[in-house]
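Asks: Got model-v8.pdb for you, PDB, C-alpha atoms:
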```
ATOM      1  CA  MET A   1      24.747  -4.245 -32.310
ATOM      2  CA  LYS A   2      21.975  -4.811 -29.792
ATOM      3  CA  THR A   3      20.305  -1.936 -27.988
ATOM      4  CA  ASN A   4      20.837  -1.942 -24.240
ATOM      5  CA  GLN A   5      17.601  -3.019 -22.542
ATOM      6  CA  THR A   6      18.819  -3.005 -18.954
ATOM      7  CA  ASP A   7      17.981   0.654 -18.391
ATOM      8  CA  LYS A   8      14.264   0.266 -19.084
ATOM      9  CA  LYS A   9      11.948   1.142 -16.221
ATOM     10  CA  TRP A  10       9.373  -1.597 -16.909
ATOM     11  CA  ASP A  11       9.624  -5.253 -17.900
ATOM     12  CA  ALA A  12       6.771  -4.922 -20.388
ATOM     13  CA  PHE A  13       3.855  -2.835 -21.543
ATOM     14  CA  ILE A  14       0.568  -4.263 -22.797
ATOM     15  CA  CYS A  15      -1.076  -2.766 -25.874
ATOM     16  CA  HIS A  16      -4.701  -3.850 -26.170
ATOM     17  CA  ALA A  17      -8.212  -2.846 -27.098
ATOM     18  CA  SER A  18     -10.184  -1.469 -24.179
ATOM     19  CA  GLU A  19     -12.979  -4.009 -24.827
ATOM     20  CA  ASP A  20     -10.626  -6.866 -23.816
ATOM     21  CA  LYS A  21      -9.613  -5.295 -20.521
ATOM     22  CA  GLU A  22     -12.126  -6.790 -18.095
ATOM     23  CA  HIS A  23     -12.253 -10.442 -19.148
ATOM     24  CA  PHE A  24      -8.677 -11.089 -20.261
ATOM     25  CA  VAL A  25      -6.138  -8.286 -19.904
ATOM     26  CA  ASP A  26      -6.914  -7.370 -16.296
ATOM     27  CA  PRO A  27      -6.444 -10.969 -15.026
ATOM     28  CA  LEU A  28      -3.290 -11.307 -17.147
ATOM     29  CA  VAL A  29      -1.705  -8.159 -15.704
ATOM     30  CA  ILE A  30      -2.683  -9.087 -12.151
ATOM     31  CA  SER A  31      -1.043 -12.498 -12.583
ATOM     32  CA  LEU A  32       2.127 -10.963 -14.049
ATOM     33  CA  ASN A  33       2.343  -8.552 -11.146
ATOM     34  CA  GLN A  34       1.853 -11.387  -8.656
ATOM     35  CA  LEU A  35       4.679 -13.239 -10.358
ATOM     36  CA  GLY A  36       6.927 -10.235  -9.755
ATOM     37  CA  ALA A  37       7.004  -8.654 -13.221
ATOM     38  CA  GLU A  38       6.762  -4.873 -13.581
ATOM     39  CA  VAL A  39       4.062  -4.147 -16.155
ATOM     40  CA  TRP A  40       3.095  -0.746 -17.517
ATOM     41  CA  TYR A  41      -0.544  -1.158 -18.344
ATOM     42  CA  ASP A  42      -3.119   1.616 -18.290
ATOM     43  CA  LYS A  43      -1.217   3.883 -20.675
ATOM     44  CA  PHE A  44      -1.797   1.410 -23.510
ATOM     45  CA  SER A  45      -5.538   0.803 -23.557
ATOM     46  CA  LEU A  46      -6.327   1.724 -27.173
ATOM     47  CA  ARG A  47      -9.525   3.501 -28.125
ATOM     48  CA  PRO A  48     -10.850   4.764 -31.446
ATOM     49  CA  GLY A  49      -8.624   7.538 -32.781
ATOM     50  CA  ASP A  50      -5.508   6.412 -30.884
ATOM     51  CA  SER A  51      -2.294   5.906 -32.794
ATOM     52  CA  LEU A  52      -1.161   2.274 -32.743
ATOM     53  CA  SER A  53       2.427   2.955 -33.761
ATOM     54  CA  ARG A  54       2.769   5.907 -31.394
ATOM     55  CA  SER A  55       1.493   3.813 -28.489
ATOM     56  CA  ILE A  56       3.898   0.988 -29.246
ATOM     57  CA  ASP A  57       6.818   3.379 -29.794
ATOM     58  CA  TYR A  58       6.133   5.127 -26.497
ATOM     59  CA  GLY A  59       5.697   1.866 -24.636
ATOM     60  CA  LEU A  60       8.870   0.321 -25.973
ATOM     61  CA  ALA A  61      10.812   3.458 -25.107
ATOM     62  CA  ASN A  62      10.060   2.763 -21.434
ATOM     63  CA  SER A  63       9.789  -1.042 -21.399
ATOM     64  CA  ARG A  64      11.997  -3.986 -22.288
ATOM     65  CA  PHE A  65       9.159  -5.841 -24.039
ATOM     66  CA  GLY A  66       5.868  -4.992 -25.698
ATOM     67  CA  ILE A  67       2.890  -7.353 -25.377
ATOM     68  CA  VAL A  68       0.226  -6.787 -28.049
ATOM     69  CA  VAL A  69      -3.166  -8.441 -27.470
ATOM     70  CA  ILE A  70      -4.609  -9.046 -30.940
ATOM     71  CA  SER A  71      -8.340  -9.711 -30.799
ATOM     72  CA  ARG A  72     -11.349  -9.068 -33.018
ATOM     73  CA  HIS A  73     -11.809  -5.812 -31.093
ATOM     74  CA  PHE A  74      -8.187  -4.873 -31.746
ATOM     75  CA  ILE A  75      -8.444  -5.730 -35.444
ATOM     76  CA  GLY A  76     -11.859  -4.115 -35.750
ATOM     77  CA  LYS A  77     -10.476  -0.661 -35.038
ATOM     78  CA  ALA A  78      -9.476  -0.330 -38.711
ATOM     79  CA  TRP A  79      -5.979   1.012 -38.232
ATOM     80  CA  PRO A  80      -4.625   2.942 -41.242
ATOM     81  CA  GLU A  81      -2.077   0.983 -43.256
ATOM     82  CA  ARG A  82       0.679   3.430 -42.337
ATOM     83  CA  GLU A  83       0.075   2.622 -38.658
ATOM     84  CA  LEU A  84       1.031  -0.991 -39.327
ATOM     85  CA  GLY A  85       4.031  -0.260 -41.516
ATOM     86  CA  GLY A  86       7.278  -0.980 -39.736
ATOM     87  CA  LEU A  87       5.484  -2.314 -36.642
ATOM     88  CA  VAL A  88       8.352  -4.634 -35.808
ATOM     89  CA  SER A  89      11.141  -2.299 -36.922
ATOM     90  CA  ARG A  90      11.881  -1.740 -33.231
ATOM     91  CA  GLU A  91      13.444  -5.194 -33.227
ATOM     92  CA  ILE A  92      16.023  -4.648 -35.955
ATOM     93  CA  ASP A  93      18.879  -4.057 -33.512
ATOM     94  CA  GLN A  94      17.387  -6.007 -30.610
ATOM     95  CA  ASP A  95      16.247  -9.444 -29.628
ATOM     96  CA  ARG A  96      12.557 -10.298 -29.703
ATOM     97  CA  VAL A  97      10.807  -7.416 -27.947
ATOM     98  CA  ILE A  98       7.221  -7.598 -29.262
ATOM     99  CA  ILE A  99       5.172 -10.557 -27.995
ATOM    100  CA  PRO A 100       1.829 -10.946 -29.805
ATOM    101  CA  ILE A 101      -1.073 -12.653 -28.025
ATOM    102  CA  TRP A 102      -3.733 -14.052 -30.344
ATOM    103  CA  HIS A 103      -6.952 -13.708 -28.363
ATOM    104  CA  GLY A 104      -9.867 -15.400 -30.143
ATOM    105  CA  VAL A 105      -8.525 -14.802 -33.667
ATOM    106  CA  THR A 106      -7.325 -17.085 -36.453
ATOM    107  CA  ARG A 107      -4.079 -16.956 -38.375
ATOM    108  CA  LYS A 108      -5.951 -15.742 -41.464
ATOM    109  CA  GLN A 109      -7.503 -12.877 -39.519
ATOM    110  CA  VAL A 110      -4.116 -11.826 -38.220
ATOM    111  CA  LEU A 111      -2.506 -12.272 -41.628
ATOM    112  CA  ASP A 112      -5.158 -10.082 -43.264
ATOM    113  CA  PHE A 113      -4.665  -7.537 -40.528
ATOM    114  CA  SER A 114      -0.855  -7.470 -40.454
ATOM    115  CA  PRO A 115       1.498  -9.926 -42.206
ATOM    116  CA  THR A 116       4.350  -8.788 -39.969
ATOM    117  CA  LEU A 117       2.430  -9.746 -36.816
ATOM    118  CA  ALA A 118       1.196 -12.998 -38.332
ATOM    119  CA  ASP A 119       4.781 -14.028 -39.010
ATOM    120  CA  LYS A 120       5.873 -13.638 -35.396
ATOM    121  CA  LEU A 121       5.791 -16.411 -32.795
ATOM    122  CA  ALA A 122       2.649 -15.709 -30.760
ATOM    123  CA  VAL A 123       0.933 -16.794 -27.567
ATOM    124  CA  HIS A 124      -2.526 -18.299 -28.093
ATOM    125  CA  THR A 125      -5.454 -18.068 -25.659
ATOM    126  CA  GLU A 126      -7.735 -20.894 -26.836
ATOM    127  CA  LYS A 127      -7.167 -23.169 -23.837
ATOM    128  CA  PRO A 128      -4.717 -21.604 -21.364
ATOM    129  CA  THR A 129      -6.020 -19.397 -18.571
ATOM    130  CA  PRO A 130      -4.676 -15.848 -18.120
ATOM    131  CA  GLN A 131      -2.585 -17.266 -15.272
ATOM    132  CA  ASP A 132      -1.030 -19.908 -17.553
ATOM    133  CA  ILE A 133      -0.301 -17.267 -20.191
ATOM    134  CA  ALA A 134       1.273 -15.014 -17.572
ATOM    135  CA  ILE A 135       3.703 -17.806 -16.661
ATOM    136  CA  GLN A 136       4.479 -18.385 -20.346
ATOM    137  CA  ILE A 137       5.189 -14.678 -20.858
ATOM    138  CA  LEU A 138       7.223 -14.486 -17.663
ATOM    139  CA  ARG A 139       9.638 -16.998 -19.196
ATOM    140  CA  GLU A 140      10.294 -14.480 -21.972
ATOM    141  CA  ILE A 141      10.388 -11.181 -20.112
ATOM    142  CA  ARG A 142      11.830 -12.280 -16.748
ATOM    143  CA  PRO A 143      13.667 -15.601 -17.125
ATOM    144  CA  ASP A 144      15.333 -14.963 -13.753
ATOM    145  CA  LEU A 145      11.955 -15.020 -11.971
ATOM    146  CA  TYR A 146      10.763 -17.953 -14.037
ATOM    147  CA  ALA A 147      13.809 -20.029 -13.048
ATOM    148  CA  LYS A 148      13.557 -19.036  -9.409
ATOM    149  CA  HIS A 149      10.479 -21.170  -8.606
ATOM    150  CA  PRO A 150       9.189 -24.610  -9.626
ATOM    151  CA  ARG A 151       6.107 -24.680 -11.848
ATOM    152  CA  SER A 152       3.775 -25.440  -8.943
ATOM    153  CA  GLU A 153       4.955 -22.363  -7.064
ATOM    154  CA  LEU A 154       4.606 -20.186 -10.172
ATOM    155  CA  GLU A 155       1.015 -21.375 -10.530
ATOM    156  CA  ARG A 156       0.370 -20.573  -6.893
ATOM    157  CA  LEU A 157       1.818 -17.097  -7.296
ATOM    158  CA  ALA A 158      -0.027 -16.378 -10.533
ATOM    159  CA  SER A 159      -3.392 -17.485  -9.119
ATOM    160  CA  GLY A 160      -3.021 -15.258  -6.081
ATOM    161  CA  GLU A 161      -2.926 -18.135  -3.594
ATOM    162  CA  ALA A 162       0.451 -16.941  -2.313
ATOM    163  CA  VAL A 163      -0.953 -13.456  -1.754
ATOM    164  CA  LYS A 164      -3.955 -14.900   0.083
ATOM    165  CA  HIS A 165      -1.636 -17.018   2.227
ATOM    166  CA  LEU A 166       0.484 -13.970   3.045
ATOM    167  CA  GLN A 167      -2.645 -12.012   3.968
ATOM    168  CA  GLN A 168      -3.733 -14.822   6.288
ATOM    169  CA  GLU A 169      -0.292 -14.830   7.895
ATOM    170  CA  LEU A 170      -0.463 -11.071   8.404
ATOM    171  CA  GLU A 171      -3.929 -11.365   9.953
ATOM    172  CA  ARG A 172      -2.669 -14.139  12.238
ATOM    173  CA  ALA A 173       0.301 -12.009  13.243
ATOM    174  CA  ALA A 174      -2.036  -9.085  13.934
ATOM    175  CA  ASP A 175      -4.082 -11.292  16.244
ATOM    176  CA  GLU A 176      -0.938 -12.402  18.052
ATOM    177  CA  LEU A 177       0.162  -8.781  18.454
ATOM    178  CA  SER A 178      -3.246  -7.597  19.666
ATOM    179  CA  GLU A 179      -2.098  -7.904  23.286
ATOM    180  CA  TYR A 180       0.495  -5.244  22.501
ATOM    181  CA  ARG A 181      -2.121  -2.646  21.640
ATOM    182  CA  CYS A 182      -4.092  -0.342  23.856
ATOM    183  CA  PRO A 183      -7.236  -2.196  25.002
ATOM    184  CA  PHE A 184      -9.330   0.946  24.477
ATOM    185  CA  CYS A 185      -8.205   2.497  21.160
ATOM    186  CA  ARG A 186      -5.832  -0.148  19.689
ATOM    187  CA  ALA A 187      -2.912   2.292  19.611
ATOM    188  CA  PRO A 188       0.438   0.477  19.270
ATOM    189  CA  LEU A 189       2.812  -0.120  22.153
ATOM    190  CA  ALA A 190       5.503   2.560  22.428
ATOM    191  CA  GLU A 191       7.550   1.333  25.380
ATOM    192  CA  MET A 192       7.631  -1.736  27.589
ATOM    193  CA  GLY A 193       9.814  -2.631  30.545
ATOM    194  CA  GLY A 194       9.879  -4.402  33.867
ATOM    195  CA  ALA A 195      10.455  -3.155  37.387
ATOM    196  CA  PHE A 196      10.599  -4.509  40.933
ATOM    197  CA  VAL A 197       8.085  -3.035  43.365
ATOM    198  CA  GLY A 198       7.113  -3.511  46.994
ATOM    199  CA  SER A 199       8.827  -2.738  50.253
ATOM    200  CA  ASP A 200      11.252  -5.584  49.739
ATOM    201  CA  SER A 201      11.270  -5.280  45.940
ATOM    202  CA  ASP A 202       9.973  -8.826  45.806
ATOM    203  CA  HIS A 203       7.469  -8.300  42.969
ATOM    204  CA  TYR A 204       8.445  -7.875  39.344
ATOM    205  CA  GLY A 205       5.850  -6.065  37.239
ATOM    206  CA  LEU A 206       5.454  -5.139  33.592
ATOM    207  CA  HIS A 207       5.203  -1.450  32.695
ATOM    208  CA  GLU A 208       3.572  -0.569  29.326
ATOM    209  CA  ILE A 209       3.248   2.798  27.601
ATOM    210  CA  PHE A 210       1.118   3.148  24.468
ATOM    211  CA  GLU A 211       1.166   5.863  21.812
ATOM    212  CA  CYS A 212      -2.238   7.168  22.895
ATOM    213  CA  GLY A 213      -0.819   8.015  26.327
ATOM    214  CA  TYR A 214      -2.235   5.001  28.158
ATOM    215  CA  HIS A 215       0.143   3.799  30.907
ATOM    216  CA  ALA A 216      -0.370   0.497  32.668
ATOM    217  CA  PHE A 217       1.548  -1.473  35.262
ATOM    218  CA  ASP A 218       0.550  -5.106  35.598
ATOM    219  CA  GLY A 219      -2.885  -4.232  34.226
ATOM    220  CA  TYR A 220      -3.379  -1.289  36.613
ATOM    221  CA  THR A 221      -4.097   2.029  34.879
ATOM    222  CA  GLU A 222      -1.497   4.606  35.814
ATOM    223  CA  ARG A 223      -2.634   7.074  33.149
ATOM    224  CA  PRO A 224      -5.925   6.593  31.262
ATOM    225  CA  CYS A 225      -6.447   6.339  27.536
ATOM    226  CA  PRO A 226      -8.534   9.172  26.025
ATOM    227  CA  SER A 227     -10.887   6.494  24.614
ATOM    228  CA  ASP A 228     -11.486   5.002  28.052
ATOM    229  CA  PRO A 229     -15.130   5.728  29.019
ATOM    230  CA  LYS A 230     -13.796   6.565  32.495
ATOM    231  CA  PHE A 231     -11.359   9.187  31.175
ATOM    232  CA  PRO A 232     -11.718  12.206  33.514
ATOM    233  CA  ARG A 233     -13.663  15.266  32.447
ATOM    234  CA  PHE A 234     -12.278  18.728  32.957
ATOM    235  CA  GLU A 235     -15.037  19.236  35.526
ATOM    236  CA  ASP A 236     -13.424  16.484  37.616
ATOM    237  CA  TYR A 237     -10.740  18.974  38.617
ATOM    238  CA  LYS A 238     -11.093  21.857  41.026
ATOM    239  CA  LEU A 239      -9.307  24.966  39.833
ATOM    240  CA  GLN A 240      -7.151  26.976  42.205
ATOM    241  CA  PHE A 241      -5.728  30.357  41.254
ATOM    242  CA  HIS A 242      -2.676  32.064  42.725
ATOM    243  CA  HIS A 243      -1.511  35.588  42.008
ATOM    244  CA  ASN A 244       2.059  36.767  42.374
ATOM    245  CA  SER A 245       2.280  40.529  41.925
ATOM    246  CA  SER A 246       6.065  40.403  41.838
ATOM    247  CA  GLU A 247       5.983  38.519  38.529
ATOM    248  CA  THR A 248       5.911  40.907  35.576
ATOM    249  CA  HIS A 249       4.992  38.476  32.771
ATOM    250  CA  TYR A 250       3.044  35.478  34.151
ATOM    251  CA  SER A 251       1.628  36.673  37.413
ATOM    252  CA  TRP A 252      -1.280  34.196  37.517
ATOM    253  CA  LEU A 253      -1.037  30.485  38.244
ATOM    254  CA  CYS A 254      -3.899  28.000  37.713
ATOM    255  CA  LEU A 255      -3.746  24.561  39.374
ATOM    256  CA  ALA A 256      -6.001  21.566  38.635
ATOM    257  CA  ILE A 257      -6.823  19.643  41.816
ATOM    258  CA  PRO A 258      -8.187  16.144  40.986
ATOM    259  CA  MET A 259     -11.532  15.306  42.585
ATOM    260  CA  THR A 260     -11.959  11.710  41.369
ATOM    261  CA  ASP A 261      -9.825   8.586  41.232
ATOM    262  CA  MET A 262      -9.365   8.750  37.442
ATOM    263  CA  ALA A 263      -8.548  12.452  37.621
ATOM    264  CA  ARG A 264      -5.772  11.657  40.086
ATOM    265  CA  ARG A 265      -4.265   9.322  37.471
ATOM    266  CA  LEU A 266      -4.083  12.180  34.950
ATOM    267  CA  SER A 267      -2.156  14.991  36.547
ATOM    268  CA  LEU A 268      -2.348  18.287  34.688
ATOM    269  CA  GLN A 269       0.560  20.704  34.592
ATOM    270  CA  ALA A 270      -0.236  24.157  35.945
ATOM    271  CA  GLY A 271      -1.299  26.929  33.623
ATOM    272  CA  TYR A 272       0.385  30.340  33.605
ATOM    273  CA  GLY A 273      -0.760  33.676  32.257
ATOM    274  CA  ARG A 274      -0.699  37.416  32.514
ATOM    275  CA  THR A 275      -4.327  37.259  33.606
ATOM    276  CA  LYS A 276      -6.443  34.769  35.508
ATOM    277  CA  GLU A 277      -8.345  33.898  32.317
ATOM    278  CA  GLU A 278      -5.153  33.325  30.356
ATOM    279  CA  ALA A 279      -3.810  30.933  32.994
ATOM    280  CA  GLU A 280      -7.060  28.932  32.982
ATOM    281  CA  ARG A 281      -7.106  28.850  29.184
ATOM    282  CA  GLN A 282      -3.594  27.382  29.102
ATOM    283  CA  LEU A 283      -4.601  24.702  31.593
ATOM    284  CA  ARG A 284      -7.680  23.816  29.532
ATOM    285  CA  GLU A 285      -5.551  23.556  26.379
ATOM    286  CA  ARG A 286      -3.239  21.099  28.148
ATOM    287  CA  TYR A 287      -6.220  19.019  29.197
ATOM    288  CA  GLU A 288      -7.568  18.981  25.621
ATOM    289  CA  CYS A 289      -4.173  17.826  24.392
ATOM    290  CA  TYR A 290      -4.299  14.847  26.763
ATOM    291  CA  ALA A 291      -7.933  14.147  25.888
ATOM    292  CA  THR A 292      -7.380  14.030  22.115
ATOM    293  CA  LYS A 293      -8.128  10.526  20.886
ATOM    294  CA  HIS A 294      -5.446   8.587  19.048
ATOM    295  CA  ASN A 295      -6.068   7.396  15.487
ATOM    296  CA  ALA A 296      -4.573   3.906  15.475
TER     297      ALA A 296
END
```
Could you express the structure from this file as structure tokens?

Replies:
Amino acid sequence: MKTNQTDKKWDAFICHASEDKEHFVDPLVISLNQLGAEVWYDKFSLRPGDSLSRSIDYGLANSRFGIVVISRHFIGKAWPERELGGLVSREIDQDRVIIPIWHGVTRKQVLDFSPTLADKLAVHTEKPTPQDIAIQILREIRPDLYAKHPRSELERLASGEAVKHLQQELERAADELSEYRCPFCRAPLAEMGGAFVGSDSDHYGLHEIFECGYHAFDGYTERPCPSDPKFPRFEDYKLQFHHNSSETHYSWLCLAIPMTDMARRLSLQAGYGRTKEEAERQLRERYECYATKHNA
């Protein structure tokens, strides 16, 4: 009776010597990921003192397949004989789940190292690139993905050309959408709509509101962006205070009277307080809230 493999979290894990990571295993895993396979990788970089059988057992417990990269570095770690005993016992009640990759080793070297591994159908790395090997392995671990695309498309995916093309498309789309961002801070557009204006409502204009607070109508600034060099300073407002003795809680009112054109486009709500200072402080806090720059 076969063990159910459909509940595994990962398509495969890769057990390898850390010395083979940079030049072979990294490109192989990247290609598998670009092909759509889910690979559990970093947990299985073996170093001196690690347990081979424990690593494979743990990997297979969470993955449908185990890929073992057998190289001179892998063999040179002098695993105890007991670590190799029963290496393929995981497959007794399952289909093929361990896929050996012979990386720069001969059959004799593998046979001397582990007869059980030498007897298994393996992937060889003499001529194929890591991308070619990734496609070959994909056929075993994800036949659905392998059958989904023609060979040429699989090669494009494995080499990263598809990812580069997608990135170019995203960059092109970003350029096309640039007109929908604030011209000062690049904040995204929040609202957009049209309206008729004029005494006879004979002109139709476009109204845009951006997340930074910038409002524009047909290119005219109705409310400035905090990143606009012309954004009004607090000193561009004249403060007026009013006291109402009949009010028991907020008896002081502080108004901001705009003194410049840009200040008139940023109206500040009045500040209230129990004291004159408290009312002014509230007004200043409201100004600072408007003046806070947006992180696009």

Asks: Take the PyMOL selection byres ((chain A and resi 11-23) around 6), apply it to the structure above, and return the hits as a PDB file with C-alpha atoms, in the frame of the given file.

Replies:
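Contents of expr_2.pdb, as written:
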```pdb
ATOM      1  CA  TRP A  10       9.373  -1.597 -16.909  1.00  0.00           C
ATOM      2  CA  PHE A  24      -8.677 -11.089 -20.261  1.00  0.00           C
ATOM      3  CA  VAL A  25      -6.138  -8.286 -19.904  1.00  0.00           C
ATOM      4  CA  ASP A  26      -6.914  -7.370 -16.296  1.00  0.00           C
ATOM      5  CA  GLU A  38       6.762  -4.873 -13.581  1.00  0.00           C
ATOM      6  CA  VAL A  39       4.062  -4.147 -16.155  1.00  0.00           C
ATOM      7  CA  TRP A  40       3.095  -0.746 -17.517  1.00  0.00           C
ATOM      8  CA  TYR A  41      -0.544  -1.158 -18.344  1.00  0.00           C
ATOM      9  CA  PHE A  44      -1.797   1.410 -23.510  1.00  0.00           C
ATOM     10  CA  SER A  45      -5.538   0.803 -23.557  1.00  0.00           C
ATOM     11  CA  LEU A  46      -6.327   1.724 -27.173  1.00  0.00           C
ATOM     12  CA  GLY A  59       5.697   1.866 -24.636  1.00  0.00           C
ATOM     13  CA  SER A  63       9.789  -1.042 -21.399  1.00  0.00           C
ATOM     14  CA  ARG A  64      11.997  -3.986 -22.288  1.00  0.00           C
ATOM     15  CA  PHE A  65       9.159  -5.841 -24.039  1.00  0.00           C
ATOM     16  CA  GLY A  66       5.868  -4.992 -25.698  1.00  0.00           C
ATOM     17  CA  ILE A  67       2.890  -7.353 -25.377  1.00  0.00           C
ATOM     18  CA  VAL A  68       0.226  -6.787 -28.049  1.00  0.00           C
ATOM     19  CA  VAL A  69      -3.166  -8.441 -27.470  1.00  0.00           C
ATOM     20  CA  PHE A  74      -8.187  -4.873 -31.746  1.00  0.00           C
TER      21      PHE A  74
END
```

Asks: As a check of understanding, name the residues that the PyMOL selection byres ((chain A and resi 135) around 9) selects in the supplied structure, as an NGL selection string.

Replies: :A and (31-32 or 35 or 130-134 or 136-139 or 146 or 151 or 154-155 or 158)

Asks: Please compute the CA of Lys148 in chain A-CA of Ala37 in chain A distance, one decimal, in Å.

Replies: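 Between these atoms lies a distance of 12.9 Å.
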
Asks: Grab the CA of His73 in chain A to CA of Pro27 in chain A distance for me, in Å with one decimal place.

Replies: 17.7 Å

Asks: Please provide the set of residues having any atom within 6 Å of Ile209 in chain A, restricted to only C-alpha atoms, with same-chain residues fewer than 3 positions apart removed, written as a ChimeraX atom specification.

Replies: /A:190-191,214-215

Asks: Kindly resolve the PyMOL selection byres ((chain A and resi 106) around 12) on the present coordinates and return the residues as a ChimeraX atom specification.

Replies: /A:70-72,75,101-105,107-113,118,122,124-126

Asks: What is the distance, in Å and to one decimal place, between CA of Asn244 in chain A and CA of Tyr287 in chain A?

Replies: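 The value is 23.6 Å.
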
Asks: Taking all atoms of range 62-71 of chain A that the file lists, what box with edges along x, y and z, padded by 3 Å per side, do you get, with centre and edge lengths in Å to one decimal, as lines of an AutoDock Vina configuration file?

Replies:
```
center_x = 1.8
center_y = -3.5
center_z = -26.2
size_x = 26.3
size_y = 18.5
size_z = 15.5
```

Asks: Restricting the calculation to all atoms listed in the file: of A:Gly36, A:Val29, A:Lys77, A:Glu278, which residue gets closest to Pro143 in chain A?

Replies: A:Gly36

Asks: Which polymer residues have any atom within 10 Å of an atom of Trp252 in chain A, counting all atoms listed in the file, with same-chain residues fewer than 6 positions away left out, as an MDAnalysis selection string?

Replies: chainID A and resid 241:245 271:280

Asks: When you count all atoms listed in the file, which of these residues is closest to Glu208 in chain A: A:Pro188, A:Pro226, A:Gly160, A:Pro100?

Replies: A:Pro188

Asks: Give as a PDB file with C-alpha atoms, keeping the file's coordinate frame each residue that has an atom at most 8 Å from (-6.3, 7.5, 16.8) in the file, counting only C-alpha atoms.

Replies:
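Dumped to selection_7.pdb:
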```pdb
ATOM      1  CA  CYS A 185      -8.205   2.497  21.160  1.00  0.00           C
ATOM      2  CA  ALA A 187      -2.912   2.292  19.611  1.00  0.00           C
ATOM      3  CA  CYS A 212      -2.238   7.168  22.895  1.00  0.00           C
ATOM      4  CA  LYS A 293      -8.128  10.526  20.886  1.00  0.00           C
ATOM      5  CA  HIS A 294      -5.446   8.587  19.048  1.00  0.00           C
ATOM      6  CA  ASN A 295      -6.068   7.396  15.487  1.00  0.00           C
ATOM      7  CA  ALA A 296      -4.573   3.906  15.475  1.00  0.00           C
TER       8      ALA A 296
END
```
